[in-house]
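Text of target_28.txt (compact mmCIF, C-alpha atoms and all ligand atoms) as supplied:
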```
# COMPACT_ATOMS: atom_id res chain seq x y z
CA MET A 114 -1.21 28.29 -32.45
CA ASN A 115 -3.36 26.62 -29.80
CA TYR A 116 -0.74 24.13 -28.65
CA MET A 117 -3.04 21.79 -26.78
CA GLU A 118 -5.53 21.48 -29.66
CA GLN A 119 -2.68 20.90 -32.08
CA ALA A 120 -1.15 18.25 -29.79
CA ASP A 121 -4.41 16.31 -29.73
CA LYS A 122 -4.50 16.48 -33.51
CA VAL A 123 -0.99 15.19 -34.18
CA MET A 124 0.05 13.10 -31.15
CA ILE A 125 -1.23 9.68 -30.12
CA LYS A 126 -3.26 10.14 -26.99
CA THR A 127 -1.69 7.77 -24.48
CA TYR A 128 -1.59 10.44 -21.79
CA ASN A 129 -4.16 12.61 -20.10
CA ARG A 130 -1.87 15.59 -19.84
CA PHE A 131 -2.30 18.53 -17.49
CA PRO A 132 -3.53 21.61 -19.39
CA VAL A 133 -0.17 23.30 -19.13
CA VAL A 134 2.42 23.89 -21.85
CA LEU A 135 5.81 24.12 -20.17
CA ASP A 136 8.36 26.44 -21.65
CA ARG A 137 11.46 26.88 -19.48
CA GLY A 138 12.95 26.09 -16.12
CA GLU A 139 15.23 27.67 -13.56
CA GLY A 140 16.40 25.81 -10.45
CA VAL A 141 13.31 24.25 -8.82
CA TYR A 142 10.91 26.41 -10.85
CA LEU A 143 9.19 25.79 -14.17
CA TYR A 144 7.42 28.38 -16.32
CA ASP A 145 4.65 27.77 -18.84
CA VAL A 146 4.21 29.54 -22.19
CA ASP A 147 2.04 32.18 -20.51
CA GLY A 148 4.78 32.93 -17.99
CA LYS A 149 3.05 31.28 -15.00
CA LYS A 150 5.57 30.02 -12.42
CA TYR A 151 5.43 26.56 -10.80
CA LEU A 152 7.34 25.15 -7.85
CA ASP A 153 8.30 21.72 -9.16
CA PHE A 154 8.14 18.74 -6.79
CA ALA A 155 8.05 16.21 -9.63
CA ALA A 156 11.31 16.97 -11.49
CA GLY A 157 10.06 15.45 -14.74
CA ILE A 158 9.31 12.25 -12.74
CA ALA A 159 12.45 12.02 -10.60
CA VAL A 160 14.70 13.04 -13.47
CA PHE A 161 16.02 16.57 -13.09
CA SER A 162 18.01 16.14 -9.85
CA LEU A 163 20.33 19.08 -10.46
CA GLY A 164 17.49 21.51 -11.08
CA TYR A 165 16.73 23.28 -14.31
CA ASN A 166 19.23 25.33 -16.27
CA ASN A 167 22.33 24.36 -14.31
CA LYS A 168 25.08 26.30 -16.06
CA LYS A 169 27.89 23.78 -15.66
CA TYR A 170 25.68 20.94 -16.88
CA ASN A 171 24.50 22.98 -19.87
CA ASP A 172 28.03 24.09 -20.75
CA ALA A 173 29.34 20.52 -20.66
CA LEU A 174 26.59 19.39 -23.03
CA LYS A 175 27.14 22.34 -25.36
CA ALA A 176 30.85 21.55 -25.51
CA GLN A 177 30.09 17.92 -26.39
CA ILE A 178 27.61 18.99 -29.10
CA ASP A 179 30.34 21.05 -30.75
CA LYS A 180 32.74 18.12 -30.53
CA LEU A 181 30.86 14.92 -31.38
CA LEU A 182 27.24 13.87 -30.85
CA HIS A 183 27.18 10.29 -32.03
CA THR A 184 29.54 7.52 -33.08
CA SER A 185 27.56 4.22 -32.99
CA ASN A 186 28.86 1.36 -30.89
CA LEU A 187 31.11 0.11 -33.65
CA PHE A 188 33.74 2.48 -32.20
CA TYR A 189 34.97 3.50 -28.77
CA ASN A 190 34.22 6.99 -27.45
CA VAL A 191 35.79 8.76 -24.50
CA PRO A 192 32.67 10.08 -22.68
CA ALA A 193 31.16 6.56 -22.57
CA ILE A 194 34.33 5.09 -21.08
CA GLU A 195 34.51 7.87 -18.48
CA ALA A 196 30.83 7.58 -17.59
CA ALA A 197 31.00 3.78 -17.30
CA THR A 198 34.01 4.08 -14.99
CA LYS A 199 32.08 6.45 -12.72
CA ILE A 200 29.06 4.13 -12.68
CA VAL A 201 31.21 1.10 -11.84
CA ASN A 202 32.85 2.99 -8.97
CA ALA A 203 29.53 4.26 -7.64
CA THR A 204 27.57 0.99 -7.88
CA GLY A 205 30.28 -1.39 -6.70
CA LEU A 206 29.40 -3.62 -9.68
CA ASP A 207 31.66 -4.44 -12.62
CA LYS A 208 30.28 -3.80 -16.10
CA VAL A 209 27.94 -1.26 -17.72
CA PHE A 210 25.71 -1.32 -20.81
CA PHE A 211 24.20 2.03 -21.79
CA THR A 212 20.60 2.23 -22.98
CA ASN A 213 18.27 5.05 -24.01
CA SER A 214 15.68 4.59 -21.28
CA GLY A 215 14.74 2.80 -18.09
CA THR A 216 12.62 0.30 -19.98
CA GLU A 217 15.58 -0.72 -22.10
CA ALA A 218 17.75 -1.04 -19.01
CA ILE A 219 15.19 -3.52 -17.65
CA GLU A 220 15.09 -5.37 -20.97
CA GLY A 221 18.86 -5.78 -20.85
CA ALA A 222 18.84 -6.90 -17.22
CA LEU A 223 16.24 -9.57 -18.03
CA LYS A 224 18.34 -10.75 -20.97
CA VAL A 225 21.39 -11.09 -18.72
CA ALA A 226 19.45 -13.34 -16.36
CA LYS A 227 18.06 -15.46 -19.20
CA LYS A 228 21.43 -15.90 -20.83
CA TYR A 229 23.09 -16.67 -17.51
CA ALA A 230 20.53 -19.41 -16.87
CA TYR A 231 20.82 -20.66 -20.45
CA ASN A 232 24.60 -20.99 -20.15
CA LYS A 233 24.20 -23.17 -17.07
CA ASP A 234 21.97 -25.88 -18.52
CA ASN A 235 20.85 -24.79 -21.99
CA THR A 236 17.40 -24.28 -20.56
CA LYS A 237 14.94 -22.49 -22.76
CA GLU A 238 12.33 -22.12 -20.06
CA TYR A 239 12.79 -19.20 -17.74
CA GLU A 240 10.68 -17.76 -15.05
CA PHE A 241 11.05 -14.43 -13.31
CA ILE A 242 9.66 -13.58 -9.94
CA ALA A 243 8.51 -9.97 -9.84
CA MET A 244 6.51 -8.00 -7.30
CA LYS A 245 2.90 -6.99 -7.16
CA HIS A 246 2.38 -3.23 -7.68
CA SER A 247 5.77 -2.99 -9.37
CA PHE A 248 6.57 -0.85 -12.38
CA HIS A 249 9.42 -1.62 -14.75
CA GLY A 250 8.46 0.05 -18.04
CA ARG A 251 6.35 -0.30 -21.17
CA SER A 252 8.17 -2.58 -23.59
CA ASN A 253 6.86 -6.14 -23.94
CA GLY A 254 9.55 -7.59 -21.69
CA ALA A 255 9.43 -4.88 -19.04
CA LEU A 256 5.62 -5.02 -19.04
CA ALA A 257 5.78 -8.77 -18.46
CA VAL A 258 7.40 -8.18 -15.05
CA THR A 259 5.27 -5.14 -14.18
CA GLY A 260 2.88 -6.28 -11.45
CA ASN A 261 -0.08 -4.18 -12.41
CA GLU A 262 -2.95 -5.42 -14.59
CA LYS A 263 -3.73 -1.85 -15.59
CA TYR A 264 -0.52 -1.67 -17.61
CA GLN A 265 -0.51 -5.32 -18.80
CA GLU A 266 -4.09 -5.62 -20.01
CA GLY A 267 -4.22 -6.17 -23.75
CA PHE A 268 -0.46 -6.42 -24.15
CA VAL A 269 0.95 -9.27 -22.11
CA PRO A 270 -0.32 -12.72 -23.00
CA LYS A 271 -0.95 -15.00 -20.03
CA GLN A 272 1.94 -17.37 -20.78
CA PHE A 273 4.43 -14.50 -20.75
CA ARG A 274 3.48 -13.30 -17.34
CA ALA A 275 6.05 -13.49 -14.61
CA VAL A 276 5.11 -14.92 -11.25
CA PHE A 277 4.16 -12.10 -8.91
CA ALA A 278 4.89 -12.09 -5.21
CA GLU A 279 3.89 -9.73 -2.44
CA TYR A 280 6.44 -6.94 -1.91
CA ASN A 281 8.14 -7.09 1.49
CA ASN A 282 6.86 -10.65 2.02
CA LEU A 283 9.87 -12.96 1.95
CA GLU A 284 7.85 -16.13 2.50
CA ASP A 285 5.69 -15.34 -0.49
CA VAL A 286 8.75 -14.81 -2.72
CA VAL A 287 10.39 -18.02 -1.50
CA SER A 288 7.19 -20.02 -2.08
CA LYS A 289 7.21 -18.94 -5.75
CA ILE A 290 10.75 -20.10 -6.55
CA THR A 291 10.92 -23.09 -8.91
CA ASP A 292 13.81 -24.75 -10.72
CA LYS A 293 12.97 -22.50 -13.69
CA THR A 294 13.42 -19.26 -11.75
CA CYS A 295 16.31 -17.38 -13.34
CA GLY A 296 15.85 -13.98 -11.74
CA ILE A 297 14.06 -12.02 -9.07
CA ILE A 298 13.37 -8.42 -9.99
CA LEU A 299 12.23 -5.64 -7.71
CA GLU A 300 12.42 -1.93 -7.08
CA THR A 301 14.46 -1.16 -3.98
CA VAL A 302 11.83 1.48 -3.30
CA GLN A 303 8.59 1.00 -5.24
CA GLY A 304 7.80 4.26 -7.03
CA GLU A 305 4.76 4.09 -9.31
CA GLY A 306 3.16 1.58 -6.92
CA GLY A 307 2.85 4.28 -4.25
CA ILE A 308 6.30 4.86 -2.61
CA PHE A 309 7.04 1.70 -0.63
CA PRO A 310 10.63 1.26 0.62
CA ALA A 311 11.82 -2.36 0.91
CA LYS A 312 12.30 -3.78 4.40
CA LYS A 313 15.84 -4.75 5.36
CA ASP A 314 15.13 -8.38 6.29
CA PHE A 315 13.16 -8.79 3.05
CA LEU A 316 16.12 -7.78 0.87
CA GLU A 317 18.59 -9.70 3.03
CA GLY A 318 16.45 -12.81 2.79
CA ILE A 319 16.12 -12.55 -0.98
CA ARG A 320 19.86 -11.97 -1.40
CA LYS A 321 20.56 -15.11 0.65
CA ILE A 322 18.19 -17.36 -1.26
CA CYS A 323 19.44 -16.01 -4.61
CA ASP A 324 23.01 -16.87 -3.57
CA GLU A 325 21.99 -20.36 -2.44
CA LYS A 326 20.10 -21.15 -5.64
CA ASP A 327 22.25 -19.16 -8.08
CA ILE A 328 19.30 -16.98 -9.10
CA LEU A 329 20.14 -13.47 -10.29
CA LEU A 330 18.88 -10.61 -8.17
CA ILE A 331 17.92 -7.58 -10.25
CA PHE A 332 17.22 -4.24 -8.62
CA ASP A 333 15.34 -1.60 -10.53
CA GLU A 334 16.77 1.71 -9.30
CA VAL A 335 15.52 3.67 -12.29
CA GLN A 336 13.51 5.93 -9.96
CA CYS A 337 15.08 5.47 -6.52
CA GLY A 338 18.73 5.50 -7.63
CA MET A 339 21.13 8.40 -8.21
CA GLY A 340 20.98 9.87 -4.73
CA ARG A 341 17.24 10.14 -4.39
CA THR A 342 17.04 8.17 -1.14
CA GLY A 343 20.08 9.73 0.54
CA SER A 344 22.70 7.29 -0.76
CA MET A 345 23.88 7.06 -4.36
CA PHE A 346 21.86 3.85 -4.72
CA ALA A 347 19.13 2.80 -2.35
CA TYR A 348 20.51 -0.74 -1.93
CA GLN A 349 23.64 0.73 -0.33
CA GLN A 350 21.56 1.56 2.76
CA TYR A 351 20.67 -2.10 3.13
CA GLY A 352 24.24 -3.38 3.03
CA ILE A 353 23.59 -5.75 0.13
CA LYS A 354 24.35 -5.74 -3.58
CA PRO A 355 22.26 -6.94 -6.53
CA ASP A 356 23.73 -8.93 -9.41
CA VAL A 357 22.30 -6.44 -11.87
CA VAL A 358 20.94 -2.94 -11.34
CA ALA A 359 18.89 -0.93 -13.83
CA LEU A 360 19.37 2.84 -13.92
CA ALA A 361 17.84 5.73 -15.87
CA LYS A 362 15.77 8.82 -14.95
CA ALA A 363 18.27 10.99 -13.00
CA LEU A 364 21.28 9.24 -14.56
CA GLY A 365 21.38 11.85 -17.33
CA CYS A 366 19.33 14.52 -15.56
CA GLY A 367 17.24 15.24 -18.64
CA VAL A 368 19.18 13.65 -21.47
CA PRO A 369 17.51 10.31 -22.28
CA VAL A 370 19.93 7.67 -21.04
CA GLY A 371 19.79 4.52 -18.97
CA ALA A 372 22.11 1.67 -18.10
CA PHE A 373 22.19 -1.80 -16.72
CA VAL A 374 25.14 -2.61 -14.56
CA ALA A 375 26.15 -6.16 -13.70
CA SER A 376 28.65 -8.10 -11.67
CA GLU A 377 31.46 -9.79 -13.57
CA LYS A 378 29.88 -13.20 -12.94
CA CYS A 379 26.73 -12.48 -14.89
CA SER A 380 27.84 -9.75 -17.29
CA SER A 381 30.14 -12.28 -18.94
CA ALA A 382 27.04 -14.24 -20.00
CA LEU A 383 26.55 -11.62 -22.72
CA VAL A 384 29.02 -11.95 -25.59
CA PRO A 385 29.45 -9.95 -28.81
CA GLY A 386 26.22 -10.13 -30.80
CA ASP A 387 23.99 -10.84 -27.80
CA HIS A 388 22.78 -7.29 -27.30
CA GLY A 389 23.08 -3.93 -29.00
CA THR A 390 21.74 -0.45 -29.62
CA THR A 391 22.47 2.31 -32.13
CA TYR A 392 22.16 5.30 -29.84
CA GLY A 393 22.88 3.70 -26.46
CA GLY A 394 26.01 5.15 -24.85
CA ASN A 395 26.55 7.82 -27.47
CA PRO A 396 29.01 10.59 -26.54
CA PHE A 397 26.29 13.18 -25.95
CA ALA A 398 24.27 11.04 -23.53
CA THR A 399 27.31 9.75 -21.70
CA ALA A 400 28.85 13.24 -21.42
CA ALA A 401 25.64 14.08 -19.56
CA VAL A 402 26.07 11.07 -17.25
CA SER A 403 29.68 11.93 -16.57
CA THR A 404 28.83 15.56 -15.81
CA VAL A 405 26.01 14.47 -13.50
CA PHE A 406 28.45 12.40 -11.43
CA ASP A 407 30.93 15.30 -11.29
CA LEU A 408 28.27 17.78 -10.20
CA TYR A 409 26.90 15.40 -7.56
CA GLU A 410 30.36 15.33 -6.06
CA GLU A 411 30.97 19.05 -6.37
CA LEU A 412 27.62 19.96 -4.83
CA ASP A 413 27.74 17.10 -2.30
CA VAL A 414 24.24 16.16 -3.39
CA ILE A 415 24.08 13.05 -1.18
CA SER A 416 24.69 14.96 2.08
CA HIS A 417 22.21 17.56 0.97
CA VAL A 418 19.52 14.92 0.27
CA LYS A 419 20.09 13.39 3.70
CA GLU A 420 19.57 16.75 5.37
CA VAL A 421 16.64 18.18 3.42
CA GLY A 422 15.10 14.72 2.97
CA ALA A 423 14.87 14.33 6.74
CA TYR A 424 13.36 17.81 6.94
CA LEU A 425 10.75 17.01 4.27
CA GLY A 426 9.95 13.72 6.05
CA THR A 427 9.35 15.50 9.36
CA LYS A 428 7.17 18.17 7.75
CA LEU A 429 5.03 15.57 5.95
CA GLU A 430 4.77 13.47 9.11
CA GLU A 431 3.49 16.53 11.00
CA MET A 432 1.00 17.26 8.25
CA ALA A 433 -0.18 13.63 8.19
CA GLU A 434 -0.86 13.76 11.92
CA LYS A 435 -2.76 17.02 11.65
CA LEU A 436 -4.99 16.39 8.61
CA ASP A 437 -7.74 13.77 8.26
CA SER A 438 -7.39 13.91 4.48
CA ILE A 439 -4.05 12.08 4.82
CA LYS A 440 -4.16 8.37 5.54
CA GLU A 441 -0.44 7.63 5.68
CA HIS A 442 2.96 9.12 4.98
CA ARG A 443 5.75 6.95 3.50
CA GLY A 444 9.14 7.93 2.21
CA ILE A 445 12.89 7.99 2.29
CA GLY A 446 15.31 10.76 1.31
CA LEU A 447 13.62 12.96 -1.28
CA MET A 448 11.15 10.31 -2.40
CA HIS A 449 7.89 10.70 -0.48
CA GLY A 450 4.28 9.71 -0.73
CA LEU A 451 1.11 10.73 1.06
CA GLU A 452 -1.66 8.17 0.78
CA LEU A 453 -4.86 10.20 0.86
CA ASN A 454 -8.43 9.71 2.03
CA VAL A 455 -9.59 12.15 -0.65
CA PRO A 456 -9.15 11.68 -4.43
CA VAL A 457 -5.51 12.36 -5.23
CA GLY A 458 -6.27 13.68 -8.75
CA GLU A 459 -8.28 16.56 -7.34
CA VAL A 460 -5.49 17.54 -4.96
CA VAL A 461 -2.90 17.41 -7.76
CA ASN A 462 -5.09 19.69 -9.92
CA LYS A 463 -5.71 22.14 -7.08
CA ALA A 464 -1.97 22.31 -6.37
CA LEU A 465 -1.24 22.94 -10.05
CA GLU A 466 -3.66 25.86 -10.07
CA LYS A 467 -1.81 27.29 -7.10
CA GLY A 468 1.55 26.91 -8.83
CA LEU A 469 2.79 23.66 -7.28
CA ILE A 470 3.62 20.58 -9.33
CA VAL A 471 3.13 17.29 -7.49
CA ILE A 472 2.12 14.01 -9.11
CA SER A 473 0.26 10.88 -8.14
CA ALA A 474 1.30 7.25 -7.76
CA GLY A 475 -0.55 4.00 -7.11
CA CYS A 476 -3.07 3.48 -4.26
CA ASN A 477 -4.30 7.09 -4.20
CA THR A 478 -0.89 8.42 -3.24
CA LEU A 479 0.45 11.91 -3.76
CA ARG A 480 4.08 11.65 -4.85
CA MET A 481 6.89 14.10 -4.18
CA VAL A 482 10.17 13.60 -6.02
CA PRO A 483 11.64 17.13 -6.25
CA PRO A 484 14.97 18.12 -7.76
CA LEU A 485 17.63 17.00 -5.27
CA ILE A 486 18.91 20.58 -4.91
CA VAL A 487 15.63 21.65 -3.28
CA THR A 488 16.11 23.78 -0.13
CA LYS A 489 14.29 23.85 3.21
CA GLU A 490 12.70 27.16 2.10
CA ASP A 491 11.34 25.44 -1.02
CA ILE A 492 9.98 22.67 1.17
CA ASP A 493 8.28 25.21 3.47
CA GLU A 494 6.71 26.85 0.42
CA MET A 495 5.52 23.49 -0.89
CA ILE A 496 4.04 22.49 2.48
CA LYS A 497 2.12 25.78 2.69
CA ILE A 498 0.54 25.33 -0.75
CA LEU A 499 -0.12 21.61 -0.31
CA GLU A 500 -1.75 22.08 3.08
CA SER A 501 -4.15 24.62 1.58
CA CYS A 502 -5.14 21.95 -0.98
CA LEU A 503 -5.70 19.23 1.62
CA VAL A 504 -7.89 20.97 4.22
C1 LIG A 601 10.23 5.15 -14.95
C2 LIG A 601 10.57 3.79 -14.56
C3 LIG A 601 10.91 2.80 -15.49
C4 LIG A 601 10.84 3.03 -16.97
O1 LIG A 601 11.74 3.99 -17.39
P1 LIG A 601 11.53 4.72 -18.82
O2 LIG A 601 12.74 5.60 -18.94
O3 LIG A 601 10.24 5.44 -18.74
O4 LIG A 601 11.52 3.67 -19.86
C5 LIG A 601 11.30 1.56 -15.02
N1 LIG A 601 11.34 1.30 -13.70
C6 LIG A 601 11.02 2.22 -12.78
C7 LIG A 601 11.11 1.88 -11.34
C8 LIG A 601 10.61 3.49 -13.17
O5 LIG A 601 10.26 4.39 -12.26
```
Take the structure in this file and express it as structure tokens.
Amino acid sequence: MNYMEQADKVMIKTYNRFPVVLDRGEGVYLYDVDGKKYLDFAAGIAVFSLGYNNKKYNDALKAQIDKLLHTSNLFYNVPAIEAATKIVNATGLDKVFFTNSGTEAIEGALKVAKKYAYNKDNTKEYEFIAMKHSFHGRSNGALAVTGNEKYQEGFVPKQFRAVFAEYNNLEDVVSKITDKTCGIILETVQGEGGIFPAKKDFLEGIRKICDEKDILLIFDEVQCGMGRTGSMFAYQQYGIKPDVVALAKALGCGVPVGAFVASEKCSSALVPGDHGTTYGGNPFATAAVSTVFDLYEELDVISHVKEVGAYLGTKLEEMAEKLDSIKEHRGIGLMHGLELNVPVGEVVNKALEKGLIVISAGCNTLRMVPPLIVTKEDIDEMIKILESCLV
């Protein structure tokens, strides 16, 4: 069968896919159906932190498959309780709701803020402040706070739009607060927008004003969470805590699972009947989450990210200084971007031909979000290939 022709016949074309049919993975490498090998610096978009085909991870999932895959949320199940406990301990927040994706985690977080505001004064008018160049997902609610016309066009009616402020501009955020503002939502490090880490005084200022006005602060750590920036969650490097955090991507390392995690104060706004899901938090997905946390600890993933992340940062900084094709390097931990002076799509395609997977992000930026187990040798190999695509 010609897979790509068949795909175009039977699948809705919402993606311009690369002409590669992936087949299997091993560590930081992927192989296509023809056996061609790729060094993967995208990790399924910041998902596969532990690398492909990790034996312990696979064995844990196989064991859960043989035991129990699904229960519905009408019953308790042990893996969900264990996974939620690990998330509570790691986030420093109080209560978890499991979802099937990042988008749904955002949906839930927005509902928490609405209900919290509603409980205060029975208001039915809510406003969110979100950031320009943000990305929060593709459902109607998540799209409404996604600060990018490209994604909203045709789907988000004007009256549903959130108010958008400039990222890292505290004054701009403050100027947009009204008595209807129920939540401020932002990515601690903007991913799709082009890899922009938040500034410390920006987050501190927002935390302060949210406390003063009893507005909920929602962090989207779907992409930058789970160790990617060199701490379990990026906000932990800023010394502040959100009221709600949205997680997904690396949370299950390949099994589709997300979560929103809230402080006691606002999680109690949701009562039985307010929110639900059939699959969310099923034993298979949460066994994955639980195993991910165990393996992070066993492999000391956070220390490793700090070390190799600094190495990758230095290498990219050196390359940015040397090559005119690079306008700017930005990044933190193992989440890096190179804003280019040449079309990023062409560089991504060239790299793919040479067996390196990198992806793009907003503002003509080349994005690197490798598996977190990547080594310095892998980074050297990546730099060699990438440099040959950028000269
Ligand atoms: C990927 C992403 C989402 C959406 O997650 P899905 O699992 O694709 O629904 C939301 N926010 C951020 C920051 C993301 O990177």
Distance of atom CA of Ala363 of chain A from atom CA of Lys175 of chain A, expressed in Å to one decimal place: 19.0 Å
With all atoms listed in the file as the counted atoms, please give the residues lying no more than 7 Å from segment 329-341 of chain A, apart from itself and same-chain residues fewer than 2 positions off, as JSON, numbers by chain. {"A": [159, 215, 226, 295, 296, 297, 298, 299, 300, 301, 302, 304, 320, 323, 327, 343, 344, 345, 346, 347, 355, 356, 357, 358, 359, 360, 361, 362, 363, 364, 415, 446, 447, 448, 485]}
Lys150 of chain A environment, 12 Å, all atoms listed in the file, sequence neighbours closer than 2 positions dropped, as a ChimeraX atom specification: /A:133-148,152-153,465-470
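With all atoms listed in the file as the basis for measurement, A:Val384 is the residue among A:Val384, A:Val457, A:Val402, A:Val418 that approaches Val225 of chain A most closely.
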If you measure from atom CA of Phe397 of chain A to atom CA of Gly367 of chain A, what distance in Å do you get, rounded to one decimal? 11.8 Å
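Of the listed residues (A:Leu283, A:Ile472, A:Leu479, A:Ala255), A:Ala255 comes nearest to Lys224 of chain A; the distances count only C-alpha atoms.
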So how many Å separate atom CA of Gln265 of chain A and atom CA of Gly250 of chain A, to one decimal?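 Separating atom CA of Gln265 of chain A from atom CA of Gly250 of chain A is a distance of 10.5 Å.
Residues in contact with Phe309 of chain A at 9 Å, where all atoms listed in the file are counted and same-chain residues fewer than 6 positions away are skipped, are listed as Tyr280, Thr301, Val302, Gln303, Arg443, Gly444 and Gly450 of chain A.
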Find the residues near Glu430 of chain A: any atom within 12 Å, counting all atoms listed in the file, skip ones fewer than 5 places away on the same chain, and give them as a PyMOL selection string. chain A and resi 423-425+435-436+439-445+449-452+496
Would you list the contacts of Pro456 of chain A as a PyMOL selection string, taking every protein, DNA or RNA residue within 9 Å and counting only C-alpha atoms, but skipping same-chain residues closer than 3 positions in sequence? chain A and resi 453+459-460+477-478
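Remark: for ligand LIG 601 (chain A), the closest of the candidate residues A:Thr216, A:Asn235, A:Ser403, A:Asn462 is A:Thr216 (distances computed over all atoms listed in the file).
Between Met117 of chain A and the residues A:Gly365, A:Pro132, A:Pro385, A:Gly426, the shortest atom-to-atom distance, using all atoms listed in the file, involves A:Pro132.
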List every protein, DNA or RNA residue that has at least one atom no more than 7 Å from (-0.3, 4.0, -4.6) in the file's coordinates, counting all atoms listed in the file, and write the result as number ranges by chain. A: 305-308, 452, 474-478
Counting all atoms listed in the file, write as a list in words all protein and nucleic acid residues lying at most 9 Å from (30.3, 4.2, -26.5) in the file's frame. His183, Thr184, Ser185, Asn186, Leu187, Phe188, Tyr189, Asn190, Val191, Pro192, Ala193, Ile194, Phe211, Tyr392, Gly393, Gly394, Asn395, Pro396 and Thr399 of chain A
Nearest to Glu410 of chain A among A:Leu383, A:Met432, A:Met481, A:Leu163, with distances taken over all atoms listed in the file: which residue is it?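 With all atoms listed in the file as the atom set, the closest residue is A:Leu163.
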With only C-alpha atoms and all ligand atoms as the basis for distance, which of A:Ser214, A:Ser438, A:Asn171, A:Ser473 is at the shortest distance from ligand LIG 601 (chain A)?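 Checking each candidate against ligand LIG 601 (chain A), we get A:Ser214 as the closest.
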